[in-house]
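**Q** Below you'll find final.txt; it's compact mmCIF, C-alpha atoms.
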```
# COMPACT_ATOMS: atom_id res chain seq x y z
CA MET A 1 28.73 12.16 -67.99
CA ALA A 2 28.00 8.55 -68.87
CA PRO A 3 30.41 6.05 -67.37
CA PRO A 4 33.08 4.70 -69.73
CA ASP A 5 33.34 1.03 -70.72
CA ARG A 6 33.94 -1.62 -68.09
CA ASP A 7 37.65 -2.07 -68.84
CA THR A 8 38.21 1.62 -68.19
CA GLN A 9 35.97 1.54 -65.15
CA LEU A 10 38.04 -1.30 -63.73
CA LEU A 11 41.16 0.85 -63.93
CA LEU A 12 39.32 3.88 -62.58
CA ALA A 13 38.26 1.70 -59.64
CA GLY A 14 41.94 0.95 -59.07
CA GLU A 15 42.77 4.64 -59.18
CA TYR A 16 39.91 5.42 -56.84
CA VAL A 17 41.36 2.97 -54.32
CA LEU A 18 44.92 4.21 -54.83
CA GLY A 19 43.64 7.71 -54.17
CA THR A 20 44.83 9.34 -57.39
CA LEU A 21 41.28 9.98 -58.52
CA ARG A 22 40.51 13.38 -57.05
CA GLY A 23 38.12 16.25 -57.00
CA GLU A 24 35.43 16.14 -59.65
CA GLU A 25 36.70 12.85 -61.05
CA ARG A 26 36.38 11.25 -57.66
CA ALA A 27 32.92 12.73 -57.07
CA GLU A 28 31.78 11.57 -60.50
CA PHE A 29 33.14 8.08 -59.91
CA GLU A 30 31.34 7.94 -56.56
CA SER A 31 28.10 8.92 -58.28
CA TRP A 32 28.43 5.89 -60.59
CA LEU A 33 29.42 3.75 -57.64
CA LYS A 34 26.19 4.39 -55.76
CA ASP A 35 24.00 2.42 -58.11
CA ASP A 36 26.40 -0.02 -59.69
CA ILE A 37 27.05 -3.29 -57.91
CA TRP A 38 29.57 -4.38 -60.53
CA LEU A 39 31.61 -1.25 -59.85
CA GLN A 40 31.23 -1.62 -56.08
CA GLN A 41 32.63 -5.13 -56.38
CA ALA A 42 35.50 -3.89 -58.54
CA VAL A 43 36.37 -1.30 -55.88
CA GLU A 44 36.13 -3.85 -53.12
CA LYS A 45 38.42 -6.20 -55.00
CA TRP A 46 41.09 -3.54 -55.39
CA GLU A 47 40.73 -2.55 -51.73
CA LEU A 48 41.20 -6.10 -50.54
CA ARG A 49 44.05 -6.79 -52.93
CA LEU A 50 46.03 -3.71 -51.98
CA ALA A 51 45.33 -3.67 -48.24
CA PRO A 52 48.33 -5.94 -47.46
CA LEU A 53 50.50 -3.01 -48.57
CA ALA A 54 48.97 -0.78 -45.91
CA GLU A 55 49.38 -3.50 -43.31
CA ALA A 56 52.99 -4.01 -44.27
CA GLN A 57 53.59 -0.28 -44.02
CA VAL A 58 52.09 -0.05 -40.56
CA GLU A 59 54.09 -3.04 -39.39
CA LYS A 60 57.15 -1.17 -40.58
CA THR A 61 56.45 2.35 -39.38
CA GLY A 62 54.79 1.08 -36.21
CA PRO A 63 51.27 1.54 -34.92
CA VAL A 64 50.35 4.92 -33.44
CA THR A 65 48.01 5.02 -30.48
CA PRO A 66 45.30 7.58 -31.13
CA PRO A 67 44.39 10.02 -28.32
CA ALA A 68 41.59 8.96 -25.97
CA GLY A 69 39.26 11.64 -27.34
CA VAL A 70 38.75 9.67 -30.56
CA TRP A 71 37.15 6.73 -28.81
CA GLU A 72 35.01 9.08 -26.74
CA ARG A 73 33.69 10.70 -29.89
CA ILE A 74 33.03 7.33 -31.52
CA GLU A 75 31.17 6.20 -28.41
CA GLN A 76 29.07 9.34 -28.45
CA GLU A 77 28.16 8.72 -32.03
CA VAL A 78 27.26 5.06 -31.74
CA GLY A 79 25.81 5.25 -28.22
CA PRO A 80 27.65 4.08 -25.10
CA GLY A 81 27.72 0.44 -24.96
CA ARG A 82 25.96 -2.32 -23.37
CA ARG A 83 24.38 -5.15 -25.09
CA ARG A 84 20.68 -5.68 -25.08
CA THR A 85 19.82 -9.23 -24.35
CA SER A 86 16.15 -8.95 -23.51
CA GLY A 87 13.33 -8.32 -25.90
CA ILE A 88 11.98 -10.09 -28.86
CA THR A 89 14.49 -12.03 -30.85
CA SER A 90 12.34 -14.45 -32.73
CA GLY A 91 10.22 -13.56 -35.65
CA ARG A 92 8.56 -15.09 -38.61
CA ASP A 93 10.85 -15.60 -41.55
CA ARG A 94 10.98 -12.90 -44.07
CA ALA A 95 8.30 -13.36 -46.66
CA THR A 96 9.38 -13.38 -50.26
CA SER A 97 6.42 -11.45 -51.49
CA SER A 98 7.06 -9.61 -54.71
CA ALA A 99 5.35 -6.47 -53.46
CA ALA A 100 7.00 -3.57 -55.19
CA THR A 101 9.20 -1.19 -53.28
CA GLY A 102 9.02 1.24 -56.15
CA ARG A 103 9.55 4.96 -55.89
CA ARG A 104 6.85 7.06 -54.36
CA PRO A 105 8.37 10.50 -54.54
CA GLY A 106 5.71 12.40 -52.63
CA PHE A 107 5.58 9.93 -49.83
CA TRP A 108 8.03 11.58 -47.50
CA SER A 109 6.18 14.88 -47.56
CA GLY A 110 2.98 13.08 -46.62
CA PHE A 111 4.80 11.27 -43.88
CA GLY A 112 2.86 12.74 -40.97
CA ALA A 113 -0.43 11.48 -42.32
CA ALA A 114 1.06 8.16 -43.30
CA ALA A 115 2.56 7.73 -39.85
CA ALA A 116 -0.72 8.49 -38.19
CA LEU A 117 -2.47 5.95 -40.39
CA ALA A 118 0.21 3.36 -39.87
CA SER A 119 0.09 3.97 -36.16
CA MET A 120 -3.62 3.21 -36.08
CA LEU A 121 -3.11 0.10 -38.13
CA LEU A 122 -0.27 -0.89 -35.86
CA ALA A 123 -2.28 -0.57 -32.70
CA ALA A 124 -4.51 -3.22 -34.21
CA LEU A 125 -1.59 -5.26 -35.43
CA VAL A 126 0.12 -5.29 -32.08
CA VAL A 127 -2.96 -6.69 -30.42
CA ILE A 128 -3.21 -9.46 -32.98
CA TRP A 129 0.46 -10.05 -33.31
CA SER A 130 1.69 -9.73 -29.78
CA PRO A 131 0.95 -12.29 -27.11
CA TRP A 132 1.12 -9.63 -24.42
CA GLN A 133 -1.37 -7.27 -22.92
CA GLY A 134 -0.73 -3.63 -23.59
CA ALA A 135 0.30 -1.60 -20.55
CA GLU A 136 1.71 1.86 -20.03
CA GLY A 137 4.72 2.39 -17.82
CA PRO A 138 8.23 3.73 -17.89
CA GLY A 139 10.11 0.39 -17.83
CA VAL A 140 7.79 -1.32 -20.20
CA THR A 141 9.02 -2.67 -23.51
CA ARG A 142 7.93 -0.67 -26.53
CA ILE A 143 7.32 -2.14 -29.91
CA ALA A 144 7.23 -0.18 -33.13
CA VAL A 145 5.85 -2.21 -35.97
CA LEU A 146 6.85 -0.66 -39.27
CA ALA A 147 4.40 -1.12 -42.11
CA THR A 148 3.96 -0.18 -45.72
CA ASN A 149 1.42 2.52 -46.46
CA ASN A 150 -1.11 -0.15 -47.28
CA GLY A 151 -0.69 -1.66 -43.87
CA LYS A 152 1.58 -4.65 -44.50
CA ALA A 153 3.77 -5.09 -41.40
CA THR A 154 7.40 -5.47 -42.41
CA LEU A 155 9.69 -4.94 -39.45
CA ALA A 156 9.39 -4.57 -35.68
CA LEU A 157 11.67 -2.65 -33.35
CA THR A 158 11.62 -3.40 -29.64
CA PHE A 159 13.31 -1.47 -26.87
CA ARG A 160 12.72 -0.12 -23.42
CA PRO A 161 12.92 3.58 -22.56
CA GLY A 162 16.55 4.54 -22.02
CA ASP A 163 17.93 1.60 -23.99
CA THR A 164 20.97 2.32 -26.12
CA THR A 165 19.92 -0.17 -28.76
CA ALA A 166 16.72 -1.58 -30.24
CA ASN A 167 16.19 -5.14 -31.41
CA VAL A 168 15.10 -5.64 -35.00
CA THR A 169 12.68 -8.39 -35.94
CA ARG A 170 11.82 -9.02 -39.56
CA ILE A 171 8.17 -9.78 -40.21
CA ALA A 172 7.78 -9.60 -43.94
CA ALA A 173 10.63 -7.33 -44.96
CA ASP A 174 11.40 -7.56 -48.64
CA PRO A 175 15.08 -7.08 -49.42
CA PRO A 176 16.06 -3.76 -50.99
CA PRO A 177 16.32 -3.50 -54.79
CA ALA A 178 19.69 -4.52 -56.21
CA GLY A 179 22.41 -2.02 -55.37
CA ARG A 180 20.24 -0.18 -52.84
CA ALA A 181 19.97 -0.36 -49.08
CA HIS A 182 17.22 0.03 -46.53
CA GLU A 183 18.11 2.77 -44.08
CA LEU A 184 16.32 3.16 -40.77
CA TRP A 185 15.46 6.62 -39.45
CA ILE A 186 14.13 7.91 -36.19
CA ILE A 187 12.03 11.07 -36.33
CA PRO A 188 11.64 12.69 -32.90
CA ALA A 189 8.29 14.42 -32.52
CA GLY A 190 8.67 17.77 -34.26
CA GLY A 191 12.27 16.98 -35.20
CA LYS A 192 14.30 15.95 -38.19
CA PRO A 193 14.98 12.37 -39.24
CA GLN A 194 18.20 10.91 -37.88
CA SER A 195 19.79 7.82 -39.30
CA LEU A 196 19.99 4.65 -37.26
CA GLY A 197 22.01 3.10 -40.07
CA VAL A 198 21.54 0.71 -42.91
CA ILE A 199 19.52 -2.29 -41.79
CA GLY A 200 21.23 -5.02 -43.84
CA ASN A 201 20.96 -8.18 -41.79
CA ARG A 202 21.36 -6.44 -38.45
CA ARG A 203 19.37 -7.71 -35.51
CA VAL A 204 20.18 -4.73 -33.31
CA VAL A 205 20.42 -1.02 -34.11
CA PRO A 206 21.88 1.74 -31.94
CA ILE A 207 19.69 4.45 -30.46
CA PRO A 208 21.92 7.55 -30.43
CA ALA A 209 22.14 9.45 -27.16
CA ALA A 210 20.74 12.58 -28.80
CA VAL A 211 17.36 10.97 -29.46
CA ARG A 212 17.23 8.49 -26.62
CA ALA A 213 14.99 10.60 -24.42
CA ALA A 214 12.52 11.18 -27.24
CA VAL A 215 12.41 7.63 -28.49
CA GLY A 216 9.06 6.76 -26.93
CA THR A 217 7.23 9.45 -28.87
CA ALA A 218 9.35 9.33 -32.02
CA ALA A 219 8.37 7.74 -35.29
CA PHE A 220 10.51 5.29 -37.21
CA ALA A 221 10.82 5.08 -40.95
CA VAL A 222 12.74 3.10 -43.54
CA SER A 223 13.82 4.65 -46.82
CA VAL A 224 15.46 3.19 -49.90
CA GLU A 225 18.97 4.61 -50.22
CA PRO A 226 22.14 4.00 -52.18
CA ALA A 227 24.16 1.03 -50.96
CA GLY A 228 25.92 2.19 -47.80
CA GLY A 229 23.16 4.59 -46.90
CA SER A 230 22.24 8.18 -47.57
CA THR A 231 25.26 10.40 -48.00
CA THR A 232 23.39 13.60 -47.14
CA GLY A 233 22.39 12.78 -43.58
CA ALA A 234 18.71 12.87 -44.57
CA PRO A 235 16.53 10.40 -46.44
CA THR A 236 17.03 10.77 -50.18
CA GLY A 237 14.99 7.86 -51.52
CA PRO A 238 11.36 6.89 -51.10
CA VAL A 239 10.15 6.18 -47.57
CA ILE A 240 8.57 2.76 -47.72
CA TRP A 241 7.82 1.71 -44.14
CA VAL A 242 6.78 3.74 -41.10
CA GLY A 243 5.74 2.99 -37.55
CA LYS A 244 5.39 4.43 -34.04
CA PRO A 245 6.20 2.69 -30.80
CA GLN A 246 3.48 1.25 -28.60
CA PRO A 247 3.94 0.02 -25.04
CA VAL A 248 3.57 -3.67 -24.37
CA ALA A 249 3.83 -5.59 -21.10
CA ASN A 250 6.81 -7.81 -20.52
CA PRO A 251 5.86 -11.46 -20.69
CA MET B 252 50.93 -12.91 -34.11
CA THR B 253 49.43 -9.85 -32.52
CA GLU B 254 45.79 -10.43 -33.38
CA PRO B 255 44.76 -13.78 -34.76
CA ARG B 256 42.21 -13.30 -37.47
CA GLU B 257 39.63 -15.51 -35.82
CA ARG B 258 39.41 -13.20 -32.84
CA LEU B 259 38.87 -10.12 -35.01
CA ASN B 260 36.30 -11.95 -37.13
CA LYS B 261 34.37 -12.90 -34.00
CA LEU B 262 34.51 -9.37 -32.65
CA LEU B 263 33.22 -8.01 -35.96
CA SER B 264 30.33 -10.41 -36.02
CA ARG B 265 29.41 -9.34 -32.48
CA VAL B 266 29.64 -5.71 -33.62
CA ALA B 267 27.24 -6.59 -36.43
CA ASP B 268 24.81 -7.65 -33.70
CA GLY B 269 25.09 -4.22 -32.12
CA ASP B 270 27.43 -5.28 -29.32
CA ALA B 271 29.14 -2.04 -28.33
CA GLU B 272 31.54 -3.85 -25.98
CA ALA B 273 32.81 -5.80 -28.96
CA LEU B 274 33.30 -2.52 -30.79
CA SER B 275 35.34 -1.27 -27.87
CA ALA B 276 37.49 -4.43 -27.89
CA LEU B 277 37.91 -4.17 -31.64
CA TYR B 278 38.98 -0.55 -31.23
CA SER B 279 41.54 -1.50 -28.57
CA SER B 280 43.00 -4.17 -30.83
CA THR B 281 43.13 -2.32 -34.11
CA SER B 282 42.93 1.45 -33.64
CA ALA B 283 46.68 2.02 -33.40
CA LYS B 284 47.27 0.28 -36.72
CA LEU B 285 44.34 1.96 -38.40
CA PHE B 286 45.43 5.33 -37.04
CA GLY B 287 48.86 4.63 -38.54
CA VAL B 288 47.22 3.96 -41.91
CA CYS B 289 45.21 7.20 -41.70
CA LEU B 290 48.29 9.19 -40.68
CA GLY B 291 50.26 7.75 -43.58
CA ILE B 292 47.75 9.27 -45.96
CA LEU B 293 46.76 12.46 -44.16
CA ARG B 294 50.00 13.40 -42.35
CA ASP B 295 47.96 15.51 -40.01
CA ARG B 296 46.99 14.19 -36.62
CA ALA B 297 43.71 16.06 -36.30
CA LEU B 298 42.54 14.92 -39.73
CA ALA B 299 43.73 11.37 -39.09
CA GLU B 300 41.71 11.36 -35.87
CA ASP B 301 38.63 12.42 -37.83
CA ALA B 302 39.25 9.69 -40.41
CA LEU B 303 39.64 7.07 -37.69
CA GLN B 304 36.47 8.24 -35.97
CA GLU B 305 34.44 8.21 -39.18
CA GLY B 306 35.96 4.85 -40.06
CA PHE B 307 34.89 3.26 -36.77
CA VAL B 308 31.38 4.67 -37.03
CA ARG B 309 31.17 3.03 -40.46
CA ILE B 310 32.59 -0.19 -39.13
CA TRP B 311 29.84 -0.15 -36.50
CA ARG B 312 27.11 0.58 -39.03
CA ASN B 313 28.30 -1.76 -41.76
CA ALA B 314 29.68 -4.67 -39.77
CA GLY B 315 26.72 -6.76 -40.93
CA ARG B 316 28.15 -6.60 -44.42
CA PHE B 317 31.54 -8.00 -43.46
CA ASP B 318 31.99 -11.43 -44.98
CA PRO B 319 34.84 -13.45 -43.45
CA ASP B 320 34.88 -15.71 -46.50
CA ARG B 321 35.86 -12.80 -48.72
CA ALA B 322 38.19 -10.75 -46.59
CA ARG B 323 40.11 -10.70 -43.36
CA ALA B 324 38.72 -8.37 -40.72
CA MET B 325 41.85 -6.22 -40.73
CA THR B 326 41.80 -5.90 -44.52
CA TRP B 327 38.16 -4.88 -44.44
CA MET B 328 38.69 -2.30 -41.71
CA ILE B 329 41.76 -0.85 -43.43
CA SER B 330 39.70 -0.40 -46.59
CA ILE B 331 37.04 1.52 -44.71
CA CYS B 332 39.48 3.78 -42.86
CA ARG B 333 41.58 4.44 -45.98
CA ASN B 334 38.45 5.42 -47.84
CA ARG B 335 37.54 7.92 -45.12
CA ALA B 336 41.10 9.26 -45.07
CA LEU B 337 41.10 9.73 -48.86
CA THR B 338 37.74 11.46 -48.73
CA LEU B 339 39.01 13.89 -46.08
CA LEU B 340 42.23 14.40 -48.01
CA ASP B 341 40.31 15.16 -51.18
CA ARG B 342 38.14 17.58 -49.26
CA GLN B 343 41.16 19.42 -47.98
CA GLN B 344 42.43 19.80 -51.53
CA ARG B 345 45.81 20.05 -50.01
CA GLN B 346 48.84 20.17 -52.16
CA ARG B 347 51.75 18.87 -50.24
CA VAL B 348 54.73 16.82 -51.15
CA SER B 349 55.72 14.18 -48.75
CA ASP B 350 58.88 14.34 -46.81
CA MET B 351 58.83 10.57 -46.60
CA PRO B 352 62.23 9.34 -47.72
CA ASP B 353 62.30 6.98 -50.67
CA GLU B 354 64.12 4.43 -48.54
CA ALA B 355 61.03 4.09 -46.40
CA LEU B 356 59.16 2.87 -49.42
CA GLU B 357 61.94 0.80 -50.91
CA GLY B 358 62.16 -2.54 -49.30
CA LEU B 359 58.74 -2.21 -47.79
CA LEU B 360 57.60 -5.14 -49.83
CA GLY B 361 58.95 -8.43 -48.76
CA ALA B 362 60.15 -6.91 -45.54
CA ASP B 363 57.33 -8.12 -43.51
CA GLU B 364 55.81 -11.35 -42.52
CA ARG B 365 55.28 -10.49 -38.92
CA GLY B 366 52.04 -9.47 -37.31
CA ASP B 367 48.74 -10.70 -38.61
CA THR B 368 49.26 -9.75 -42.19
CA ASP B 369 48.28 -12.82 -44.13
CA PRO B 370 51.53 -13.84 -45.84
CA ALA B 371 49.56 -15.44 -48.68
CA ASP B 372 47.88 -12.12 -49.55
CA LEU B 373 51.10 -10.18 -49.36
CA VAL B 374 53.07 -12.75 -51.36
CA ALA B 375 50.50 -12.76 -54.16
CA LEU B 376 50.46 -8.98 -54.33
CA GLN B 377 54.21 -8.78 -54.13
CA ARG B 378 54.70 -11.36 -56.87
CA CYS B 379 52.50 -9.33 -59.18
CA LEU B 380 54.05 -5.99 -58.21
CA ASP B 381 57.48 -7.50 -58.88
CA GLN B 382 56.41 -8.18 -62.45
CA LEU B 383 55.68 -4.52 -63.11
CA ASP B 384 58.05 -2.07 -64.64
CA GLY B 385 59.99 -0.34 -61.84
CA ASN B 386 58.42 3.07 -62.45
CA GLN B 387 54.95 1.62 -62.55
CA ARG B 388 55.55 -0.25 -59.31
CA LYS B 389 56.93 2.81 -57.58
CA ALA B 390 54.10 5.07 -58.73
CA ILE B 391 51.44 2.59 -57.61
CA THR B 392 52.88 1.75 -54.20
CA GLU B 393 53.67 5.36 -53.46
CA ALA B 394 50.23 6.57 -54.51
CA TYR B 395 48.60 3.91 -52.37
CA LEU B 396 50.69 4.50 -49.28
CA THR B 397 50.92 8.29 -49.32
CA GLY B 398 47.69 9.44 -50.94
CA HIS B 399 49.63 11.70 -53.32
CA THR B 400 47.93 13.13 -56.39
CA HIS B 401 49.29 12.68 -59.89
CA SER B 402 50.92 16.11 -59.76
CA GLU B 403 52.46 15.49 -56.34
CA LEU B 404 53.85 12.19 -57.59
CA ALA B 405 55.08 13.98 -60.70
CA GLU B 406 57.01 16.42 -58.56
CA ARG B 407 58.50 13.68 -56.43
CA MET B 408 59.44 11.50 -59.36
CA ALA B 409 60.50 14.42 -61.56
CA ARG B 410 58.33 13.37 -64.48
CA PRO B 411 55.30 15.01 -66.11
CA ALA B 412 51.94 14.23 -64.48
CA GLY B 413 50.75 12.63 -67.72
CA THR B 414 53.60 10.14 -67.55
CA ILE B 415 52.78 9.25 -63.95
CA LYS B 416 49.14 8.81 -64.89
CA SER B 417 49.94 6.42 -67.68
CA TRP B 418 52.42 4.47 -65.50
CA ILE B 419 49.65 4.01 -62.97
CA ARG B 420 47.04 3.07 -65.57
CA ARG B 421 49.26 0.54 -67.29
CA GLY B 422 50.56 -0.77 -64.00
CA LEU B 423 47.04 -1.31 -62.68
CA ALA B 424 46.06 -3.15 -65.86
CA SER B 425 49.06 -5.49 -65.53
CA LEU B 426 48.44 -5.91 -61.82
CA HIS B 427 44.84 -6.83 -62.46
CA ALA B 428 45.80 -9.38 -65.12
CA CYS B 429 48.42 -10.90 -62.84
CA LEU B 430 46.21 -11.07 -59.74
CA GLU B 431 43.23 -12.42 -61.65
CA GLY B 432 45.44 -15.06 -63.25
CA GLY B 433 46.48 -16.08 -59.74
CA GLU B 434 44.49 -19.29 -59.68
CA ASP B 435 46.28 -20.61 -62.75
CA ALA B 436 49.65 -19.47 -61.62
CA ASP B 437 49.93 -21.20 -58.27
CA ALA B 438 53.11 -23.03 -59.24
CA GLY B 439 54.65 -19.81 -60.49
CA GLY B 440 53.61 -18.04 -57.30
CA ALA B 441 55.15 -20.70 -55.11
CA GLU B 442 58.34 -20.54 -57.14
CA ALA B 443 58.50 -16.78 -56.90
CA ALA B 444 57.97 -16.97 -53.14
CA GLU B 445 60.69 -19.60 -52.77
CA GLY B 446 63.01 -17.57 -54.94
CA ARG B 447 62.63 -14.64 -52.60
CA ASP B 448 63.15 -16.66 -49.48
CA ALA B 449 66.35 -18.19 -50.84
```
Translate the structure described by the file into structure tokens.
**A**
Amino acid sequence: MAPPDRDTQLLLAGEYVLGTLRGEERAEFESWLKDDIWLQQAVEKWELRLAPLAEAQVEKTGPVTPPAGVWERIEQEVGPGRRRTSGITSGRDRATSSAATGRRPGFWSGFGAAAALASMLLAALVVIWSPWQGAEGPGVTRIAVLATNNGKATLALTFRPGDTTANVTRIAADPPPAGRAHELWIIPAGGKPQSLGVIGNRRVVPIPAAVRAAVGTAAFAVSVEPAGGSTTGAPTGPVIWVGKPQPVANP
Amino acid sequence: MTEPRERLNKLLSRVADGDAEALSALYSSTSAKLFGVCLGILRDRALAEDALQEGFVRIWRNAGRFDPDRARAMTWMISICRNRALTLLDRQQRQRVSDMPDEALEGLLGADERGDTDPADLVALQRCLDQLDGNQRKAITEAYLTGHTHSELAERMARPAGTIKSWIRRGLASLHACLEGGEDADAGGAEAAEGRDA
């Protein structure tokens, strides 16, 4: 069903935040929300306006310490923590090229070939782009330069084997289309894509424990998703950048 | 002051940089409150734990989108965890009527200026809620705090669901008009706040 007029949507946003919008109505509202920045802002406004009520309630009823298992599960999901301080942190400013990030529906299915091509291009890119000599070795920093399928390098990820996080360096990463987000995926060799989260302006992304061992041979990809990221756990939009890690020597 | 906002803002910006220690510190500082918020809506410990877990994973992933100029850290995190709690609640499709006594809701507003709740936010909201019709105010605050559906609220308030729905709709419209008019109504807001203090 087509969304109603904005005045009605504003009130529906309020009901969504109150929680009285349920079932199909809620699902339908969320489907409008995905692609509509105006509506996202309306929801956010209601959330921020009403949150003092929740705070006041908790002050009154008292906080409740959650059991330790909750934090353990969170930690498992985001990767146990230590901060990465080494690696590449500088990068050329994002270019404001108007290169289209339009939909290429068949792209994901051709991902294997695209990745192979990108990987060849990247081997060349790394030599040009990186000041280091390539070298194999277990403790050696890896760099995955993600590129468009015509070879334009957009984003680099650097990490060492076993790291819980990877550093993100923007090379010429165009921002996502309005109301959409760029989501980063890791694809273990022979496995399914797993989300590393929406990139936004992050400089570091987690490497989940489940894929950490396979990270050296995995591929990385970025897809265009609804704001907030894919809700299905798999890429839903076009895959626009891909890359595979290559070893580089530490400076 | 339990958690000055600056500290939480700083922790969130470190979380945005992928600092898992900052996430751990943020969890230590805020999880009990956020768990309380989730419990208020879900009234089921296991579900509230799931909501809190999903909420913190989202906080980790989306911290880069937090903008301290637009929201306080606590407000932002509450919004995320409430959203997860409501999604889980909706999924459960549970029909249950709260055993929360009305008195717990009455007097909730205006009761509190302790903790790190920003009094300015609460006062503005309270001033606008005070201007609503009593039924509208009750339906809105109760829906927000308990996660009840229209029909659950109808049962609690002994009115038809359609009536509750229209109370909420009209109340939200008035609330929006009042809160949006906030910039022009500073003097009125200050007066209202003083009136309450007196």
**Q** Any chance you could tabulate, as CSV, the residues of chain B at most 8 Å from chain A with each one's nearest atom pair and distance in Å to one decimal, using only C-alpha atoms, in chain and rising number order?
**A**
```
residue,atom,partner,partner_atom,distance
B:Ala267,CA,A:Arg202,CA,6.2
B:Asp268,CA,A:Val204,CA,5.5
B:Gly269,CA,A:Val204,CA,5.1
B:Asp270,CA,A:Arg83,CA,5.2
B:Ala271,CA,A:Gly81,CA,4.4
B:Glu272,CA,A:Gly81,CA,5.8
B:Tyr278,CA,A:Trp71,CA,7.9
B:Ser282,CA,A:Thr65,CA,7.0
B:Ala283,CA,A:Thr65,CA,4.4
B:Lys284,CA,A:Pro63,CA,4.6
B:Leu285,CA,A:Pro63,CA,7.8
B:Phe286,CA,A:Val64,CA,6.1
B:Gly287,CA,A:Val64,CA,5.3
B:Val288,CA,A:Ala54,CA,6.4
B:Glu300,CA,A:Val70,CA,6.3
B:Asp301,CA,A:Val70,CA,7.8
B:Leu303,CA,A:Val70,CA,7.6
B:Gln304,CA,A:Ile74,CA,5.7
B:Glu305,CA,A:Ile74,CA,7.8
B:Phe307,CA,A:Ile74,CA,6.9
B:Val308,CA,A:Ile74,CA,6.3
B:Trp311,CA,A:Val78,CA,7.5
B:Arg312,CA,A:Gly197,CA,5.8
B:Asn313,CA,A:Val198,CA,7.3
B:Gly315,CA,A:Arg202,CA,5.9
B:Arg316,CA,A:Gly200,CA,7.1
B:Ala322,CA,A:Leu48,CA,6.8
B:Thr326,CA,A:Ala51,CA,5.6
B:Trp327,CA,A:Leu48,CA,6.9
B:Ile329,CA,A:Ala51,CA,6.6
B:Ser330,CA,A:Glu47,CA,5.7
B:Asn334,CA,A:Val17,CA,7.5
B:Leu337,CA,A:Gly19,CA,6.2
B:Asp341,CA,A:Arg22,CA,6.1
B:Arg342,CA,A:Gly23,CA,7.9
B:Gln344,CA,A:Gly23,CA,7.8
B:Leu359,CA,A:Gln57,CA,6.7
B:Leu360,CA,A:Ala56,CA,7.3
B:Ala362,CA,A:Ala56,CA,7.8
B:Asp363,CA,A:Ala56,CA,6.0
B:Arg365,CA,A:Glu59,CA,7.6
B:Gly366,CA,A:Glu59,CA,7.1
B:Thr368,CA,A:Glu55,CA,6.4
B:Asp369,CA,A:Pro52,CA,7.6
B:Asp372,CA,A:Pro52,CA,6.5
B:Leu373,CA,A:Pro52,CA,5.4
B:Leu376,CA,A:Arg49,CA,6.9
B:Ile391,CA,A:Leu18,CA,7.3
B:Thr392,CA,A:Leu53,CA,7.7
B:Ala394,CA,A:Leu18,CA,5.8
B:Tyr395,CA,A:Leu18,CA,4.4
B:Leu396,CA,A:Ala54,CA,6.5
B:Gly398,CA,A:Gly19,CA,5.5
B:His399,CA,A:Thr20,CA,6.7
B:Thr400,CA,A:Thr20,CA,5.0
B:His401,CA,A:Thr20,CA,6.1
B:Ile419,CA,A:Glu15,CA,7.9
B:Arg420,CA,A:Leu11,CA,6.5
B:Leu423,CA,A:Leu11,CA,6.4
B:Ala424,CA,A:Leu11,CA,6.6
```
**Q** What does the distance from atom CA of Asp35 of chain A to atom CA of Val224 of chain A come to in Å, to one decimal?
**A**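 Interatomic distance, atom CA of Asp35 of chain A to atom CA of Val224 of chain A: 11.9 Å.
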**Q** Between atom CA of Ala213 of chain A and atom CA of Ala189 of chain A, what is the distance in Å, rounded to a tenth?
**A**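 Distance reported for this atom pair: 11.2 Å.
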**Q** Hey, can you pull every residue with an atom no more than 6 Å from (7.7, 5.3, -40.7), using only C-alpha atoms, and send it as a list in words?
**A**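 Within 6 Å of (7.7, 5.3, -40.7), the protein and nucleic acid residues are Ala115, Ala219, Phe220, Ala221, Trp241, Val242 and Gly243 of chain A.
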**Q** Output C-alpha atoms for every residue in the selection just made, as a PDB file, in the coordinates of the input.
**A**
```pdb
ATOM      1  CA  ALA A 115       2.560   7.730 -39.850  1.00  0.00           C
ATOM      2  CA  ALA A 219       8.370   7.740 -35.290  1.00  0.00           C
ATOM      3  CA  PHE A 220      10.510   5.290 -37.210  1.00  0.00           C
ATOM      4  CA  ALA A 221      10.820   5.080 -40.950  1.00  0.00           C
ATOM      5  CA  TRP A 241       7.820   1.710 -44.140  1.00  0.00           C
ATOM      6  CA  VAL A 242       6.780   3.740 -41.100  1.00  0.00           C
ATOM      7  CA  GLY A 243       5.740   2.990 -37.550  1.00  0.00           C
TER       8      GLY A 243
END
```
**Q** One decimal, in Å: what's the spacing between atom CA of Asn386 of chain B and atom CA of Cys429 of chain B?
**A** 17.2 Å
**Q** How would segment 153-157 of chain A look with N, CA and C atoms restored, written as a CSV table (one decimal), in the frame of the given file?
**A**
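Saved to part.csv:
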```csv
chain,number,residue,atom,x,y,z
A,153,ALA,N,2.7,-5.2,-42.4
A,153,ALA,CA,3.8,-5.1,-41.4
A,153,ALA,C,5.0,-5.7,-41.9
A,154,THR,N,6.2,-5.0,-41.8
A,154,THR,CA,7.4,-5.5,-42.4
A,154,THR,C,8.5,-5.8,-41.4
A,155,LEU,N,8.5,-4.9,-40.4
A,155,LEU,CA,9.7,-4.9,-39.4
A,155,LEU,C,9.2,-4.5,-38.1
A,156,ALA,N,9.7,-5.1,-37.0
A,156,ALA,CA,9.4,-4.6,-35.7
A,156,ALA,C,10.7,-4.2,-34.9
A,157,LEU,N,10.6,-3.1,-34.2
A,157,LEU,CA,11.7,-2.6,-33.4
A,157,LEU,C,11.2,-2.8,-31.9
```
